[in-house]
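Asks: Take this structure, written in structure tokens, and hold onto it; I'll ask about it next.
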Amino acid sequence: MKMNVQFYETIARFYDAENADMTDDLGLYDELADETGGPILDVGCGTGRVMLHLAQAGHRVVGLDHAEAMLARGSRKLDMMGDLRARVRFVHGDVLDARLDDAFKLIVVPYNGFMHFSEQAEQLAALRRFREWIAPDGRLALDLPNAGEAFATQDDGALVLERMFTEPETGHLVMQQSVSALDRTAQHLHVTWIYDKIGDGGAVHRTLAPLKLRYVFPGEMDLLLAATGWERLDVYGDYGREPFGEGSPRMIVIARPAGESPS
């Protein structure tokens, strides 16, 4: 987990530019927020991509993140959205020891965030914390990749050009590449992200950022939830809420506190 916190401290300056087109999931969070009401907790909120969107829709949102550099950028964005300040609160801390007083109607762990709990013991501990923070009629949403599809691909260790973008603060072109290795036994994905910034005169400034993630399979997720006081309600295969199945790109899990009476 410490490695992943350092990852975001390292790449915070690139994050918003490289994820500028990442909006496919926002409609799903709009629907879930409308169904549950607030307050909402965004776990791994980063610079506020999801939480500021939900706040603009009128919801009260708390964002929790362990990377100070990401939160600092989120706070600067919030400074330019003064009308949202009454509905938004950034909290710096680790899920496993953070203190939050709200009873949340919706807890979201957006795009691959739950994978950052890179050992099963951490995943169990995180789900227990979420259970402490949820309102009796609240909902939990975990957005994960379909592990089955990932494990079926060839792991060749190739250098992959992910995208090219312009760093807003300098106007310099950045080439983002990655090298990954999949440990199928431990269910770990080891990725080294490579950011090559093309500076003045063509000089290349390289930033290396390693990351360790853990895949979760559907049956395993059900066991994790059951062991921590949750009950799975739905699992979707994409952001349009299509049923999860073979070939689905995502595994979006919706859970409620175990023992809640059906509404």
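We label chains A, B, ... in the order they appear in the structure tokens, count residues from 1 in each chain, and number ligands from 1 in the order shown.
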For Gly48 of chain A, please output as a ChimeraX atom specification all residues within 10 Å (counting only C-alpha atoms; exclusion window: fewer than 5 positions along the same chain).
Replies: /A:16,42,53-55,62-65,70-71,73-75,77-78,88,90
Asks: Using DSSP assignments from the backbone, pull out every residue in segment 25-236 of chain A that falls under strand (DSSP E) and give it to me as an MDAnalysis selection string.
Replies: chainID A and resid 40:43 61:65 88:92 104:109 134:145 160:166 173:183 188:198 204:214 230:236
Asks: With only C-alpha atoms as the basis for distance, which of A:Leu173, A:Val43, A:Val235, A:Ala227 is at the shortest distance from Leu100 of chain A?
Replies: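 That would be A:Val43, the residue with the smallest distance to Leu100 of chain A.
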Asks: Would you return as a list in words the members of segment 51-89 of chain A that DSSP assigns to alpha helix (DSSP H) on this structure's backbone?
Replies: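 Here are the alpha helix (DSSP H) residues of segment 51-89 of chain A: Met51, Leu52, His53, Leu54, Ala55, Gln56, Glu68, Ala69, Met70, Leu71, Ala72, Arg73, Gly74, Ser75, Arg76, Lys77, Leu78 and Asp79 of chain A.
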Asks: Can those selected residues be exported to a file as a short mmCIF file (atom, residue, chain, number, x, y, z; two decimals), in the first residue's frame so that it contains N, CA, C and O atoms?
Replies:
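Result file is part.cif:
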```
data_model
loop_
_atom_site.label_atom_id
_atom_site.label_comp_id
_atom_site.auth_asym_id
_atom_site.auth_seq_id
_atom_site.Cartn_x
_atom_site.Cartn_y
_atom_site.Cartn_z
N MET A 51 -15.92 13.03 -7.18
CA MET A 51 -16.63 13.72 -6.10
C MET A 51 -17.05 15.13 -6.50
O MET A 51 -18.15 15.57 -6.15
N LEU A 52 -16.22 15.84 -7.25
CA LEU A 52 -16.60 17.20 -7.66
C LEU A 52 -17.75 17.14 -8.68
O LEU A 52 -18.62 18.01 -8.69
N HIS A 53 -17.77 16.10 -9.50
CA HIS A 53 -18.90 15.91 -10.42
C HIS A 53 -20.19 15.71 -9.64
O HIS A 53 -21.23 16.32 -9.95
N LEU A 54 -20.14 14.85 -8.61
CA LEU A 54 -21.34 14.59 -7.81
C LEU A 54 -21.77 15.84 -7.03
O LEU A 54 -22.96 16.10 -6.88
N ALA A 55 -20.80 16.61 -6.55
CA ALA A 55 -21.13 17.84 -5.84
C ALA A 55 -21.80 18.84 -6.77
O ALA A 55 -22.74 19.55 -6.37
N GLN A 56 -21.36 18.90 -8.01
CA GLN A 56 -21.99 19.79 -8.98
C GLN A 56 -23.44 19.40 -9.23
O GLN A 56 -24.26 20.25 -9.59
N GLU A 68 -1.15 13.20 -0.41
CA GLU A 68 -1.31 14.64 -0.17
C GLU A 68 -1.22 15.45 -1.45
O GLU A 68 -1.93 16.44 -1.60
N ALA A 69 -0.36 15.03 -2.38
CA ALA A 69 -0.20 15.79 -3.62
C ALA A 69 -1.49 15.76 -4.44
O ALA A 69 -1.84 16.76 -5.09
N MET A 70 -2.20 14.66 -4.43
CA MET A 70 -3.47 14.57 -5.15
C MET A 70 -4.52 15.45 -4.49
O MET A 70 -5.25 16.18 -5.17
N LEU A 71 -4.60 15.40 -3.18
CA LEU A 71 -5.58 16.22 -2.47
C LEU A 71 -5.31 17.71 -2.65
O LEU A 71 -6.24 18.51 -2.76
N ALA A 72 -4.03 18.09 -2.70
CA ALA A 72 -3.69 19.49 -2.90
C ALA A 72 -4.21 19.98 -4.24
O ALA A 72 -4.74 21.10 -4.36
N ARG A 73 -4.10 19.15 -5.26
CA ARG A 73 -4.61 19.54 -6.57
C ARG A 73 -6.13 19.58 -6.58
O ARG A 73 -6.73 20.45 -7.22
N GLY A 74 -6.76 18.65 -5.87
CA GLY A 74 -8.20 18.69 -5.76
C GLY A 74 -8.68 19.94 -5.06
O GLY A 74 -9.69 20.56 -5.45
N SER A 75 -7.98 20.34 -4.01
CA SER A 75 -8.36 21.56 -3.27
C SER A 75 -8.22 22.79 -4.14
O SER A 75 -9.04 23.72 -4.05
N ARG A 76 -7.20 22.81 -4.99
CA ARG A 76 -7.05 23.96 -5.90
C ARG A 76 -8.19 24.02 -6.91
O ARG A 76 -8.67 25.10 -7.27
N LYS A 77 -8.63 22.85 -7.37
CA LYS A 77 -9.79 22.84 -8.28
C LYS A 77 -11.04 23.33 -7.55
O LYS A 77 -11.84 24.09 -8.12
N LEU A 78 -11.18 22.92 -6.30
CA LEU A 78 -12.35 23.36 -5.53
C LEU A 78 -12.33 24.86 -5.31
O LEU A 78 -13.39 25.51 -5.27
N ASP A 79 -11.13 25.44 -5.17
CA ASP A 79 -11.02 26.90 -5.00
C ASP A 79 -11.64 27.66 -6.17
O ASP A 79 -12.09 28.80 -6.01
#
```
Asks: Mind giving me the straight-line distance from atom CA of Val204 of chain A to atom CA of Gln6 of chain A in Å, one decimal?
Replies: 22.3 Å
Asks: Can you tell me which residues surround segment 174-182 of chain A at a distance of at most 12 Å, considering only C-alpha atoms, apart from same-chain residues fewer than 3 positions away, and format the answer as a PyMOL selection string?
Replies: chain A and resi 11+13-15+17-19+147+150-171+185-199+202-215
Asks: Counting only C-alpha atoms, which residue out of A:Asp222, A:Glu149, A:Asp30, A:Asp234 sits closest to Ala57 of chain A?
Replies: A:Asp30
Asks: Using only C-alpha atoms, which residues sit within 12 Å of Phe104 of chain A once same-chain residues fewer than 4 positions away are excluded, as a short mmCIF file (atom, residue, chain, number, x, y, z; two decimals) with C-alpha atoms, in the first residue's frame?
Replies:
```cif
data_model
loop_
_atom_site.label_atom_id
_atom_site.label_comp_id
_atom_site.auth_asym_id
_atom_site.auth_seq_id
_atom_site.Cartn_x
_atom_site.Cartn_y
_atom_site.Cartn_z
CA ALA A 33 -26.38 8.94 -5.90
CA THR A 36 -29.45 6.57 -2.34
CA GLY A 37 -29.12 10.26 -1.51
CA GLY A 38 -26.24 11.54 0.58
CA PRO A 39 -23.87 11.98 2.17
CA ILE A 40 -21.51 10.15 -0.19
CA LEU A 41 -17.98 8.92 0.51
CA ASP A 42 -15.52 8.77 -2.40
CA VAL A 43 -12.66 6.44 -1.39
CA HIS A 59 -24.83 15.99 -3.51
CA ARG A 60 -22.81 16.31 -0.30
CA VAL A 61 -19.55 14.39 -0.75
CA VAL A 62 -16.55 13.52 1.42
CA GLY A 63 -13.38 12.48 -0.38
CA LEU A 100 -15.00 9.68 9.76
CA VAL A 108 -17.97 4.55 -3.96
CA ARG A 129 -14.12 -0.01 7.62
CA PHE A 130 -16.66 0.68 4.89
CA ARG A 131 -19.17 -1.37 6.91
CA GLU A 132 -18.55 0.88 9.94
CA TRP A 133 -19.18 4.01 7.88
CA ILE A 134 -22.30 2.96 5.93
CA ALA A 135 -25.84 3.97 6.90
CA PRO A 136 -28.20 1.05 7.63
CA ASP A 137 -29.88 1.49 4.24
CA GLY A 138 -26.73 2.56 2.40
CA ARG A 139 -24.97 1.08 -0.61
CA LEU A 140 -21.37 0.27 -1.55
CA ARG A 256 -25.65 -3.45 1.04
CA PRO A 257 -25.19 -4.13 4.77
#
```
